[in-house]
>>> print(open('start_20.txt').read())   # compact mmCIF, C-alpha atoms and all ligand atoms
# COMPACT_ATOMS: atom_id res chain seq x y z
CA MET K 1 246.00 94.48 19.79
CA ARG K 2 244.95 95.66 23.26
CA ALA K 3 246.63 94.51 26.47
CA ALA K 4 244.68 92.73 29.22
CA LYS K 5 245.11 92.52 32.97
CA ILE K 6 243.47 90.95 36.01
CA ILE K 7 241.67 93.49 38.24
CA GLY K 8 239.93 91.24 40.79
CA LEU K 9 240.35 87.79 42.29
CA GLY K 10 238.02 85.72 44.47
CA LYS K 11 237.72 82.22 45.86
CA TYR K 12 235.28 79.99 47.67
CA LEU K 13 236.01 76.78 49.53
CA PRO K 14 233.18 74.73 51.04
CA SER K 15 233.41 74.63 54.84
CA ARG K 16 233.39 70.83 55.26
CA ARG K 17 236.92 69.43 55.68
CA LEU K 18 237.78 65.81 54.83
CA THR K 19 241.10 64.93 56.45
CA ASN K 20 243.45 62.03 55.72
CA LYS K 21 242.41 60.59 59.10
CA ASP K 22 238.75 60.70 57.96
CA LEU K 23 239.72 58.82 54.78
CA GLU K 24 241.45 56.13 56.85
CA LYS K 25 237.95 55.21 58.06
CA ILE K 26 236.55 55.00 54.51
CA VAL K 27 239.25 53.18 52.48
CA ASP K 28 242.42 51.16 53.13
CA THR K 29 244.84 54.09 53.30
CA SER K 30 246.89 56.05 55.83
CA ASP K 31 247.73 59.64 56.59
CA GLU K 32 251.38 58.65 56.19
CA TRP K 33 250.86 57.24 52.64
CA ILE K 34 248.81 60.20 51.44
CA THR K 35 251.17 62.77 52.95
CA THR K 36 254.39 61.24 51.62
CA ARG K 37 253.02 60.37 48.14
CA THR K 38 251.02 63.57 47.52
CA GLY K 39 251.61 66.24 50.19
CA ILE K 40 247.83 66.41 50.79
CA LYS K 41 246.55 66.64 54.40
CA GLU K 42 242.91 67.57 53.84
CA ARG K 43 240.44 68.66 51.18
CA ARG K 44 237.04 70.45 51.13
CA ILE K 45 233.77 68.75 50.24
CA ALA K 46 230.69 70.62 48.98
CA LYS K 47 227.38 70.24 50.80
CA GLU K 48 224.40 68.70 49.02
CA GLY K 49 223.00 71.38 46.72
CA GLU K 50 226.31 73.23 46.51
CA SER K 51 226.76 72.81 42.76
CA ALA K 52 229.61 74.15 40.59
CA SER K 53 227.60 77.29 39.76
CA MET K 54 226.95 77.98 43.47
CA LEU K 55 230.66 77.71 44.31
CA ALA K 56 231.43 79.86 41.25
CA TYR K 57 228.85 82.43 42.38
CA LYS K 58 230.51 82.96 45.76
CA ALA K 59 234.02 83.21 44.25
CA SER K 60 232.75 85.57 41.54
CA GLN K 61 231.01 87.93 43.98
CA GLU K 62 234.34 88.41 45.77
CA ALA K 63 236.27 88.89 42.52
CA LEU K 64 233.76 91.45 41.19
CA LYS K 65 233.78 93.39 44.46
CA ARG K 66 237.57 93.56 44.42
CA ALA K 67 237.50 94.58 40.73
CA GLY K 68 235.04 97.38 41.51
CA LEU K 69 232.65 96.15 38.80
CA THR K 70 228.96 95.35 38.97
CA PRO K 71 227.67 92.15 37.30
CA ASP K 72 225.87 94.12 34.59
CA GLU K 73 229.25 95.48 33.42
CA LEU K 74 230.40 91.97 32.42
CA ASP K 75 230.52 91.25 28.67
CA LEU K 76 231.46 87.59 28.93
CA ILE K 77 231.51 84.79 31.53
CA ILE K 78 233.65 81.69 30.99
CA VAL K 79 233.40 78.82 33.48
CA ALA K 80 236.07 76.12 33.29
CA THR K 81 234.70 72.94 34.82
CA ILE K 82 234.55 69.17 34.45
CA THR K 83 231.74 68.96 37.02
CA PRO K 84 229.04 71.19 35.49
CA ASP K 85 225.68 71.63 37.25
CA MET K 86 224.12 69.76 34.29
CA ASN K 87 225.25 68.53 30.86
CA PHE K 88 223.45 71.60 29.65
CA PRO K 89 222.63 74.48 30.09
CA SER K 90 226.17 75.63 30.75
CA THR K 91 227.31 76.33 34.30
CA ALA K 92 228.26 79.80 33.02
CA CYS K 93 224.56 80.44 32.22
CA PHE K 94 223.54 79.36 35.74
CA LEU K 95 226.24 81.66 37.12
CA GLN K 96 224.91 84.51 34.97
CA LYS K 97 221.48 83.96 36.53
CA HIS K 98 222.86 83.90 40.12
CA LEU K 99 224.87 87.10 39.51
CA LYS K 100 222.17 88.80 37.40
CA ALA K 101 224.89 89.56 34.87
CA VAL K 102 222.27 90.52 32.31
CA ASN K 103 224.63 91.79 29.60
CA ALA K 104 227.05 88.87 29.54
CA SER K 105 227.45 86.11 26.96
CA CYS K 106 228.28 82.81 28.63
CA PHE K 107 229.95 79.52 27.88
CA ASP K 108 231.73 76.66 29.63
CA LEU K 109 235.24 75.55 28.75
CA SER K 110 236.39 71.94 29.07
CA ALA K 111 240.13 71.60 29.63
CA ALA K 112 240.08 69.64 32.90
CA CYS K 113 242.76 70.76 35.38
CA ALA K 114 244.22 73.20 32.83
CA GLY K 115 240.78 74.85 32.47
CA PHE K 116 241.51 78.05 34.38
CA VAL K 117 244.74 78.69 32.43
CA TYR K 118 242.85 78.06 29.16
CA ALA K 119 240.05 80.40 30.30
CA ALA K 120 242.53 83.13 31.24
CA VAL K 121 244.27 83.02 27.85
CA THR K 122 240.92 82.82 26.01
CA ALA K 123 239.67 85.90 27.89
CA TRP K 124 242.93 87.73 27.18
CA GLN K 125 242.47 87.06 23.43
CA TYR K 126 238.87 88.33 23.43
CA ILE K 127 240.06 91.53 25.11
CA ALA K 128 243.10 91.83 22.80
CA SER K 129 240.88 91.54 19.71
CA GLY K 130 238.61 94.31 21.03
CA LEU K 131 235.52 92.05 21.07
CA TYR K 132 234.91 92.37 24.82
CA ASP K 133 236.07 94.70 27.62
CA ASN K 134 235.20 93.01 30.93
CA ILE K 135 235.37 89.24 31.31
CA LEU K 136 234.78 87.00 34.33
CA ILE K 137 236.59 83.66 34.31
CA VAL K 138 235.99 80.95 36.90
CA GLY K 139 237.44 77.54 37.69
CA SER K 140 234.75 75.75 39.69
CA GLU K 141 234.59 72.08 40.62
CA VAL K 142 232.57 69.71 42.74
CA ILE K 143 234.99 66.84 42.10
CA SER K 144 233.42 64.91 44.99
CA SER K 145 230.45 64.34 42.62
CA ILE K 146 232.65 62.23 40.29
CA THR K 147 234.90 60.70 42.98
CA ASP K 148 234.63 57.01 43.80
CA PHE K 149 234.97 56.86 47.58
CA LYS K 150 235.58 53.11 47.22
CA ASP K 151 238.73 53.66 45.11
CA ARG K 152 241.69 54.54 47.35
CA SER K 153 243.91 55.31 44.36
CA THR K 154 241.82 58.37 43.44
CA CYS K 155 239.54 59.40 46.32
CA VAL K 156 242.41 60.69 48.47
CA LEU K 157 243.55 63.12 45.78
CA PHE K 158 240.64 65.42 44.98
CA GLY K 159 238.62 68.23 46.58
CA ASP K 160 235.97 70.87 45.80
CA GLY K 161 236.36 74.63 45.38
CA ALA K 162 236.19 77.63 43.07
CA GLY K 163 238.38 80.56 42.08
CA ALA K 164 237.44 83.55 39.93
CA ALA K 165 239.19 86.41 38.15
CA VAL K 166 237.97 89.55 36.39
CA LEU K 167 239.95 90.68 33.36
CA THR K 168 239.78 94.01 31.56
CA TYR K 169 241.74 95.97 28.95
CA SER K 170 244.87 97.79 29.97
CA LYS K 171 247.47 100.23 28.65
CA THR K 172 250.33 97.91 29.60
CA PRO K 173 250.45 94.10 29.70
CA GLY K 174 249.21 92.22 31.71
CA PHE K 175 249.28 88.94 29.91
CA ILE K 176 252.55 88.53 28.02
CA SER K 177 252.71 85.02 26.59
CA SER K 178 251.14 81.58 26.67
CA ASP K 179 251.47 78.01 25.45
CA PHE K 180 248.84 75.28 25.07
CA GLY K 181 249.11 71.64 24.06
CA SER K 182 246.92 68.54 23.84
CA ASP K 183 247.29 64.81 23.24
CA GLY K 184 243.97 63.07 22.70
CA PHE K 185 245.81 59.78 22.15
CA LEU K 186 246.38 59.71 25.92
CA SER K 187 242.72 60.30 26.82
CA ASP K 188 242.39 56.99 28.69
CA ILE K 189 245.01 57.94 31.31
CA LEU K 190 242.53 60.17 33.13
CA SER K 191 238.82 60.22 32.40
CA VAL K 192 235.25 59.66 33.55
CA PRO K 193 234.31 57.01 30.95
CA GLY K 194 230.61 56.60 31.77
CA GLY K 195 227.66 58.98 31.73
CA GLY K 196 228.41 60.78 28.46
CA SER K 197 227.12 60.09 24.93
CA GLN K 198 229.61 57.24 24.47
CA GLN K 199 228.25 55.29 27.46
CA PRO K 200 225.03 56.96 28.59
CA ILE K 201 223.97 56.38 32.19
CA SER K 202 222.66 52.83 32.58
CA GLN K 203 222.60 50.19 35.28
CA LYS K 204 225.83 48.77 33.77
CA VAL K 205 227.59 52.15 34.06
CA LEU K 206 226.48 52.39 37.68
CA ASP K 207 227.52 48.79 38.44
CA ASP K 208 230.94 49.32 36.79
CA ARG K 209 231.28 52.62 38.66
CA SER K 210 232.46 54.11 35.36
CA HIS K 211 230.67 57.39 36.10
CA TYR K 212 233.58 58.10 38.47
CA ILE K 213 237.16 59.25 37.79
CA LYS K 214 239.49 56.54 36.43
CA MET K 215 243.20 57.32 36.46
CA LYS K 216 246.51 55.65 35.63
CA GLY K 217 248.26 57.74 38.25
CA ASN K 218 251.78 56.42 37.90
CA GLU K 219 251.88 56.90 34.11
CA LEU K 220 250.32 60.35 34.42
CA PHE K 221 252.86 61.44 37.04
CA ARG K 222 255.81 61.10 34.65
CA ILE K 223 254.01 62.73 31.72
CA ALA K 224 252.78 65.61 33.90
CA VAL K 225 256.30 66.45 35.07
CA ARG K 226 257.63 66.48 31.49
CA LEU K 227 254.78 68.55 30.06
CA MET K 228 254.66 71.12 32.86
CA ILE K 229 258.38 71.78 32.41
CA GLN K 230 258.02 71.96 28.62
CA THR K 231 255.09 74.39 28.59
CA ALA K 232 256.59 76.73 31.20
CA GLU K 233 259.84 76.88 29.22
CA ILE K 234 257.97 77.68 25.99
CA SER K 235 255.89 80.47 27.61
CA LEU K 236 258.94 82.02 29.24
CA LYS K 237 260.90 81.87 25.98
CA LYS K 238 258.03 83.56 24.10
CA ALA K 239 258.02 86.28 26.78
CA GLY K 240 261.80 86.74 26.40
CA LEU K 241 262.26 85.77 30.06
CA LYS K 242 264.31 83.25 32.02
CA THR K 243 263.32 81.22 35.07
CA GLU K 244 265.31 83.60 37.29
CA ASP K 245 262.96 86.41 36.18
CA VAL K 246 259.95 84.58 37.66
CA SER K 247 258.61 86.22 40.84
CA LEU K 248 255.98 83.56 41.58
CA PHE K 249 255.36 80.16 40.00
CA ILE K 250 251.76 78.95 40.42
CA PRO K 251 251.53 75.32 39.31
CA HIS K 252 248.47 73.09 39.19
CA GLN K 253 248.14 71.59 42.68
CA ALA K 254 247.85 67.86 41.87
CA ASN K 255 250.71 66.47 43.89
CA LYS K 256 253.56 68.12 45.83
CA ARG K 257 256.01 65.60 44.36
CA ILE K 258 255.07 66.69 40.81
CA ILE K 259 255.46 70.36 41.79
CA ASP K 260 258.84 69.67 43.45
CA ALA K 261 260.13 67.78 40.40
CA VAL K 262 258.95 70.49 37.97
CA SER K 263 260.34 73.42 39.96
CA LYS K 264 263.64 71.66 40.58
CA ARG K 265 264.11 70.94 36.86
CA LEU K 266 263.08 74.50 35.93
CA GLY K 267 265.47 75.84 38.56
CA ILE K 268 262.86 77.92 40.41
CA ASP K 269 263.66 78.75 44.01
CA SER K 270 261.32 77.06 46.52
CA GLN K 271 260.43 80.50 47.99
CA LYS K 272 258.88 81.41 44.62
CA ILE K 273 256.56 78.43 44.36
CA PHE K 274 252.98 78.70 45.56
CA LEU K 275 251.63 75.63 47.36
CA ASN K 276 248.25 74.91 48.90
CA VAL K 277 247.80 71.27 47.84
CA ASP K 278 248.15 70.29 51.51
CA GLN K 279 244.91 72.12 52.39
CA TYR K 280 242.70 71.47 49.36
CA GLY K 281 244.06 68.55 47.31
CA ASN K 282 243.53 68.62 43.57
CA MET K 283 240.53 70.82 42.69
CA SER K 284 241.04 70.46 38.91
CA SER K 285 240.33 73.79 37.18
CA ALA K 286 239.81 75.51 40.55
CA SER K 287 243.35 74.71 41.73
CA THR K 288 245.31 77.39 39.84
CA ALA K 289 242.40 79.84 40.28
CA VAL K 290 242.33 79.48 44.06
CA ALA K 291 246.15 79.44 44.25
CA LEU K 292 246.40 82.73 42.31
CA CYS K 293 243.77 84.32 44.56
CA GLU K 294 245.42 83.12 47.78
CA ALA K 295 248.86 84.25 46.61
CA TRP K 296 247.43 87.74 46.03
CA GLU K 297 245.58 87.72 49.38
CA LYS K 298 248.81 86.76 51.19
CA GLY K 299 250.62 89.75 49.61
CA MET K 300 252.88 87.47 47.57
CA ILE K 301 252.08 89.35 44.33
CA LYS K 302 253.31 92.92 43.83
CA LYS K 303 253.27 95.38 40.93
CA ASP K 304 255.57 94.36 38.04
CA ASP K 305 255.97 90.81 39.38
CA ILE K 306 256.27 88.07 36.78
CA ILE K 307 253.73 85.32 37.49
CA VAL K 308 253.70 81.96 35.71
CA LEU K 309 250.56 79.77 35.75
CA ASP K 310 251.25 76.17 34.70
CA ALA K 311 248.76 73.30 34.52
CA PHE K 312 247.99 69.90 32.96
CA GLY K 313 245.04 67.54 33.10
CA GLY K 314 242.81 64.95 31.48
CA GLY K 315 242.67 65.08 27.72
CA LEU K 316 245.55 65.16 28.00
CA VAL K 317 245.86 68.93 27.95
CA TRP K 318 248.48 71.28 29.28
CA GLY K 319 249.10 75.00 29.23
CA SER K 320 250.88 77.91 30.82
CA CYS K 321 250.91 81.69 30.70
CA VAL K 322 253.15 84.51 31.83
CA ILE K 323 251.58 87.58 33.46
CA LYS K 324 253.26 90.84 34.45
CA TRP K 325 251.21 92.11 37.40
CA THR K 326 250.02 95.66 36.76
O1 LIG K 401 245.25 66.79 37.81
C1 LIG K 401 245.80 65.66 37.23
C2 LIG K 401 245.36 64.52 38.04
N1 LIG K 401 246.19 63.54 38.55
C3 LIG K 401 247.51 63.54 38.84
O2 LIG K 401 248.23 64.44 38.62
C4 LIG K 401 248.03 62.33 39.50
C5 LIG K 401 249.43 61.98 39.11
N2 LIG K 401 249.87 60.82 39.84
C6 LIG K 401 250.13 60.82 41.17
O3 LIG K 401 250.01 61.85 41.82
C7 LIG K 401 250.65 59.54 41.82
O4 LIG K 401 250.90 58.59 40.80
C8 LIG K 401 249.67 58.94 42.87
C9 LIG K 401 249.66 59.81 44.11
C10 LIG K 401 248.28 58.86 42.28
C11 LIG K 401 250.12 57.56 43.27
O5 LIG K 401 251.46 57.59 43.75
P1 LIG K 401 252.53 56.54 43.21
O6 LIG K 401 253.77 56.79 43.92
O7 LIG K 401 252.56 56.68 41.70
O8 LIG K 401 251.90 55.16 43.67
P2 LIG K 401 251.48 53.92 42.78
O9 LIG K 401 250.27 54.21 41.96
O10 LIG K 401 252.69 53.40 42.05
O11 LIG K 401 251.08 52.89 43.93
C12 LIG K 401 252.03 52.42 44.87
C13 LIG K 401 251.32 51.54 45.85
C14 LIG K 401 250.44 50.46 45.20
O12 LIG K 401 250.57 49.29 45.97
P3 LIG K 401 251.52 48.07 45.45
O13 LIG K 401 250.93 47.68 44.14
O14 LIG K 401 252.89 48.66 45.35
O15 LIG K 401 251.36 47.06 46.53
C15 LIG K 401 249.05 51.01 45.37
O16 LIG K 401 248.08 50.00 45.43
O17 LIG K 401 250.45 52.31 46.69
C16 LIG K 401 249.15 51.72 46.70
N3 LIG K 401 248.18 52.76 46.90
C17 LIG K 401 247.79 53.21 48.12
N4 LIG K 401 248.16 52.83 49.36
C18 LIG K 401 247.60 53.48 50.39
C19 LIG K 401 247.49 53.49 45.96
N5 LIG K 401 246.69 54.37 46.56
C20 LIG K 401 246.86 54.21 47.90
C21 LIG K 401 246.31 54.85 49.01
N6 LIG K 401 246.71 54.45 50.23
N7 LIG K 401 245.41 55.87 48.92
>>> encode(input="start_20.txt", output="C-alpha cells")
Amino acid sequence: MRAAKIIGLGKYLPSRRLTNKDLEKIVDTSDEWITTRTGIKERRIAKEGESASMLAYKASQEALKRAGLTPDELDLIIVATITPDMNFPSTACFLQKHLKAVNASCFDLSAACAGFVYAAVTAWQYIASGLYDNILIVGSEVISSITDFKDRSTCVLFGDGAGAAVLTYSKTPGFISSDFGSDGFLSDILSVPGGGSQQPISQKVLDDRSHYIKMKGNELFRIAVRLMIQTAEISLKKAGLKTEDVSLFIPHQANKRIIDAVSKRLGIDSQKIFLNVDQYGNMSSASTAVALCEAWEKGMIKKDDIIVLDAFGGGLVWGSCVIKWT
C-alpha cells in the first residue's frame, strides 16, 4: 500500500458578506442571539451565476498552483457537495471543463458536511491502492441556494464557499487513519425534502418551501457532539495516538458551542482548535476544506504536525481522519 499526502491547498470565498445585522432586517433575529447561540458573525453569499463548480474552480486553481501541478496531470477529481450545479452532470465534470483537466476521471460525493473528510479518505485509498497518482478533492457549496431566508432557525447558520486540496503518493504518511459512520434512520433531522425523485419539483413543493433546508437543530446539536467525540477518538486510537499528540484539531464549523463541547470532552487545548465559523458560518462540505487551507496559510501547520479533521452532517453521516503533515 502506498502512502498519500496533501501537496496543495486552496480556497475561495465569495466577496459578498451577509452580517448578523443584515439578517436582523430579513427575519426576527438579533446579532446577540446568533452570536451567543452559534458564534457566527457573518457569512459569504455567492453572486448570481456563481455556482458550486465556479467556486470550486477558483479554489482548485489556487490548490494546483501551490501543488506545482498542471490540470492535465490530475487523474481524478472528486467534488463533495450538496448544492451541485445541476442534478447531473456532476459538478466534478463541470470543474474538469473549467480547469481543462483533460486526463481526469470525475465524480461527485454526497456526504453533506462530512463530504470533504469523506473525499480526502476516498482519495487516499485510491492512491494507496495504486489506481491513481494525483487527485484533486474539493468541498464546494452554494448553500444560499437551498436556504429559506424566511426561516430564522436555519438561515442564520449557513454560508457559501469552497476549499480544495491536491493529494499525491508519498514515501511517508501522510494520511494515517480514519473513521466513518452513518445512520440513515436519522435522515429527517437534517434534509432538503423536496426537489428530488421522492418529491419532484411541483407547485406544492414550492408552496411548502420543502426545496429548502429543514433541520431539527436542537436534536442534532446533542447527536453531533456525541458523534464528533466518538469518531475522533476512534481515528486517534487507530493511529496509536492520544489527544495530547494532536497539533491541530480542525472540526466542522457548524456552531462554536458544538466545537467547544467536543474539544472540552476530548481534552484538546483551545490553542490547538481551528475556528473560522465566526467569519463564514456553516459551509457544509466546504467548512473543513476552507479551515484546513486557512490553518496552513496562517502558518499553523508545520512538518510532522498531527492534524485531525472531524465532521458530521445530514444523513446522518460523520467521519474523521488523522494526517501527519509531511
Ligand atoms: O452541519 C450540520 C448542521 N447543523 C448543525 O450542526 C446545527 C446544530 N444545532 C445548533 O447549532 C443549534 O441547535 C441552533 C443554533 C440551530 C439553535 O440553538 P438552540 O440553542 O438549540 O436553540 P433552540 O432551537 O432550542 O431555540 C431556542 C429559541 C426558540 O424560541 P422558544 O421556543 O424558546 O421561544 C427558537 O424559536 O430560540 C428561537 N430561535 C431564534 N431566536 C432568534 C431560533 N432561531 C432563532 C434566531 N433568532 N435565528
>>> axis_aligned_box(input="start_20.txt", around="ligand LIG 401 (chain K)", padding_each_side="4 Å", output="lines of an AutoDock Vina configuration file")
center_x = 249.5
center_y = 56.9
center_z = 43.8
size_x = 16.5
size_y = 27.7
size_z = 21.2
>>> closest_residue(input="start_20.txt", among="K:Ser129, K:Ser235, K:Asn255, K:Ser53", to="ligand LIG 401 (chain K)", atoms="all atoms listed in the file")
K:Asn255
>>> residues_near_ligand(input="start_20.txt", ligand="ligand LIG 401 (chain K)", cutoff="6 Å", atoms="only C-alpha atoms and all ligand atoms", output="list in words")
Thr29, Ser30, Trp33, Arg37, Thr38, Cys113, Arg152, Ser153, Val156, Gly217, Asn218, Leu220, Phe221, Ala254, Asn255, Ser284 and Gly313 of chain K
>>> residues_around(input="start_20.txt", residues="Ile273 (chain K)", least_positions_apart="4", cutoff="7 Å", atoms="only C-alpha atoms", output="number ranges by chain")
K: 248-250
>>> residues_around(input="start_20.txt", residues="region 94-98 of chain K", least_positions_apart="5", cutoff="9 Å", atoms="all atoms listed in the file", output="list in words")
Ala52, Ser53, Met54, Ala56, Tyr57, Ser60, Pro71, Ile77, Val79, Asp85, Pro89, Ala104, Ser105 and Cys106 of chain K
>>> decode(input="start_20.txt", residues="region 205-215 of chain K", atoms="all heavy atoms", output="PDB file, in the first residue's frame")
ATOM      1  N   VAL K 205     -44.414  21.615  -3.715  1.00  0.00           N
ATOM      2  CA  VAL K 205     -43.067  21.684  -3.111  1.00  0.00           C
ATOM      3  C   VAL K 205     -42.682  23.150  -2.899  1.00  0.00           C
ATOM      4  O   VAL K 205     -42.193  23.533  -1.828  1.00  0.00           O
ATOM      5  CB  VAL K 205     -42.029  20.949  -4.002  1.00  0.00           C
ATOM      6  CG1 VAL K 205     -40.601  21.303  -3.607  1.00  0.00           C
ATOM      7  CG2 VAL K 205     -42.230  19.439  -3.915  1.00  0.00           C
ATOM      8  N   LEU K 206     -42.946  23.968  -3.908  1.00  0.00           N
ATOM      9  CA  LEU K 206     -42.591  25.392  -3.798  1.00  0.00           C
ATOM     10  C   LEU K 206     -43.422  26.070  -2.707  1.00  0.00           C
ATOM     11  O   LEU K 206     -42.887  26.825  -1.892  1.00  0.00           O
ATOM     12  CB  LEU K 206     -42.791  26.107  -5.144  1.00  0.00           C
ATOM     13  CG  LEU K 206     -41.922  25.610  -6.304  1.00  0.00           C
ATOM     14  CD1 LEU K 206     -42.291  26.324  -7.600  1.00  0.00           C
ATOM     15  CD2 LEU K 206     -40.439  25.809  -6.009  1.00  0.00           C
ATOM     16  N   ASP K 207     -44.728  25.761  -2.667  1.00  0.00           N
ATOM     17  CA  ASP K 207     -45.602  26.370  -1.650  1.00  0.00           C
ATOM     18  C   ASP K 207     -45.189  25.948  -0.242  1.00  0.00           C
ATOM     19  O   ASP K 207     -45.202  26.745   0.686  1.00  0.00           O
ATOM     20  CB  ASP K 207     -47.077  25.990  -1.884  1.00  0.00           C
ATOM     21  CG  ASP K 207     -47.624  26.614  -3.170  1.00  0.00           C
ATOM     22  OD1 ASP K 207     -46.981  27.551  -3.698  1.00  0.00           O
ATOM     23  OD2 ASP K 207     -48.682  26.146  -3.660  1.00  0.00           O
ATOM     24  N   ASP K 208     -44.810  24.662  -0.095  1.00  0.00           N
ATOM     25  CA  ASP K 208     -44.396  24.147   1.228  1.00  0.00           C
ATOM     26  C   ASP K 208     -42.971  24.584   1.593  1.00  0.00           C
ATOM     27  O   ASP K 208     -42.518  24.313   2.701  1.00  0.00           O
ATOM     28  CB  ASP K 208     -44.408  22.606   1.239  1.00  0.00           C
ATOM     29  CG  ASP K 208     -45.802  22.042   1.121  1.00  0.00           C
ATOM     30  OD1 ASP K 208     -46.763  22.817   1.258  1.00  0.00           O
ATOM     31  OD2 ASP K 208     -45.916  20.820   0.864  1.00  0.00           O
ATOM     32  N   ARG K 209     -42.289  25.153   0.636  1.00  0.00           N
ATOM     33  CA  ARG K 209     -40.883  25.558   0.795  1.00  0.00           C
ATOM     34  C   ARG K 209     -40.005  24.352   1.180  1.00  0.00           C
ATOM     35  O   ARG K 209     -39.021  24.490   1.903  1.00  0.00           O
ATOM     36  CB  ARG K 209     -40.754  26.698   1.824  1.00  0.00           C
ATOM     37  CG  ARG K 209     -41.664  27.888   1.507  1.00  0.00           C
ATOM     38  CD  ARG K 209     -41.547  29.009   2.503  1.00  0.00           C
ATOM     39  NE  ARG K 209     -40.364  29.827   2.307  1.00  0.00           N
ATOM     40  CZ  ARG K 209     -40.200  30.725   1.338  1.00  0.00           C
ATOM     41  NH1 ARG K 209     -41.154  30.917   0.452  1.00  0.00           N
ATOM     42  NH2 ARG K 209     -39.105  31.436   1.263  1.00  0.00           N
ATOM     43  N   SER K 210     -40.407  23.170   0.701  1.00  0.00           N
ATOM     44  CA  SER K 210     -39.655  21.965   1.075  1.00  0.00           C
ATOM     45  C   SER K 210     -38.429  21.739   0.187  1.00  0.00           C
ATOM     46  O   SER K 210     -37.729  20.741   0.325  1.00  0.00           O
ATOM     47  CB  SER K 210     -40.564  20.736   1.078  1.00  0.00           C
ATOM     48  OG  SER K 210     -41.106  20.523  -0.194  1.00  0.00           O
ATOM     49  N   HIS K 211     -38.177  22.683  -0.733  1.00  0.00           N
ATOM     50  CA  HIS K 211     -36.925  22.610  -1.513  1.00  0.00           C
ATOM     51  C   HIS K 211     -35.798  23.318  -0.770  1.00  0.00           C
ATOM     52  O   HIS K 211     -34.709  23.498  -1.308  1.00  0.00           O
ATOM     53  CB  HIS K 211     -37.110  23.210  -2.909  1.00  0.00           C
ATOM     54  CG  HIS K 211     -37.667  24.604  -2.923  1.00  0.00           C
ATOM     55  ND1 HIS K 211     -38.832  24.965  -2.304  1.00  0.00           N
ATOM     56  CD2 HIS K 211     -37.201  25.745  -3.479  1.00  0.00           C
ATOM     57  CE1 HIS K 211     -39.062  26.242  -2.481  1.00  0.00           C
ATOM     58  NE2 HIS K 211     -38.078  26.744  -3.186  1.00  0.00           N
ATOM     59  N   TYR K 212     -36.099  23.746   0.467  1.00  0.00           N
ATOM     60  CA  TYR K 212     -35.083  24.383   1.319  1.00  0.00           C
ATOM     61  C   TYR K 212     -34.695  23.461   2.487  1.00  0.00           C
ATOM     62  O   TYR K 212     -35.428  22.518   2.813  1.00  0.00           O
ATOM     63  CB  TYR K 212     -35.644  25.683   1.896  1.00  0.00           C
ATOM     64  CG  TYR K 212     -35.861  26.781   0.882  1.00  0.00           C
ATOM     65  CD1 TYR K 212     -37.094  27.423   0.776  1.00  0.00           C
ATOM     66  CD2 TYR K 212     -34.827  27.206   0.047  1.00  0.00           C
ATOM     67  CE1 TYR K 212     -37.303  28.455  -0.134  1.00  0.00           C
ATOM     68  CE2 TYR K 212     -35.029  28.232  -0.877  1.00  0.00           C
ATOM     69  CZ  TYR K 212     -36.259  28.848  -0.958  1.00  0.00           C
ATOM     70  OH  TYR K 212     -36.453  29.856  -1.865  1.00  0.00           O
ATOM     71  N   ILE K 213     -33.585  23.811   3.156  1.00  0.00           N
ATOM     72  CA  ILE K 213     -33.093  23.019   4.292  1.00  0.00           C
ATOM     73  C   ILE K 213     -34.128  22.997   5.416  1.00  0.00           C
ATOM     74  O   ILE K 213     -34.658  24.043   5.806  1.00  0.00           O
ATOM     75  CB  ILE K 213     -31.789  23.634   4.862  1.00  0.00           C
ATOM     76  CG1 ILE K 213     -30.668  23.596   3.828  1.00  0.00           C
ATOM     77  CG2 ILE K 213     -31.364  22.943   6.161  1.00  0.00           C
ATOM     78  CD1 ILE K 213     -29.420  24.377   4.243  1.00  0.00           C
ATOM     79  N   LYS K 214     -34.399  21.787   5.934  1.00  0.00           N
ATOM     80  CA  LYS K 214     -35.227  21.616   7.137  1.00  0.00           C
ATOM     81  C   LYS K 214     -34.338  20.950   8.184  1.00  0.00           C
ATOM     82  O   LYS K 214     -33.640  19.976   7.885  1.00  0.00           O
ATOM     83  CB  LYS K 214     -36.437  20.710   6.876  1.00  0.00           C
ATOM     84  CG  LYS K 214     -37.303  21.141   5.709  1.00  0.00           C
ATOM     85  CD  LYS K 214     -38.095  22.397   6.014  1.00  0.00           C
ATOM     86  CE  LYS K 214     -38.809  22.898   4.782  1.00  0.00           C
ATOM     87  NZ  LYS K 214     -39.048  24.315   4.744  1.00  0.00           N
ATOM     88  N   MET K 215     -34.374  21.485   9.405  1.00  0.00           N
ATOM     89  CA  MET K 215     -33.456  20.956  10.422  1.00  0.00           C
ATOM     90  C   MET K 215     -34.083  20.960  11.804  1.00  0.00           C
ATOM     91  O   MET K 215     -34.732  21.928  12.190  1.00  0.00           O
ATOM     92  CB  MET K 215     -32.191  21.829  10.442  1.00  0.00           C
ATOM     93  CG  MET K 215     -31.124  21.299  11.363  1.00  0.00           C
ATOM     94  SD  MET K 215     -29.629  22.295  11.274  1.00  0.00           S
ATOM     95  CE  MET K 215     -30.144  23.724  12.189  1.00  0.00           C
TER      96      MET K 215
END
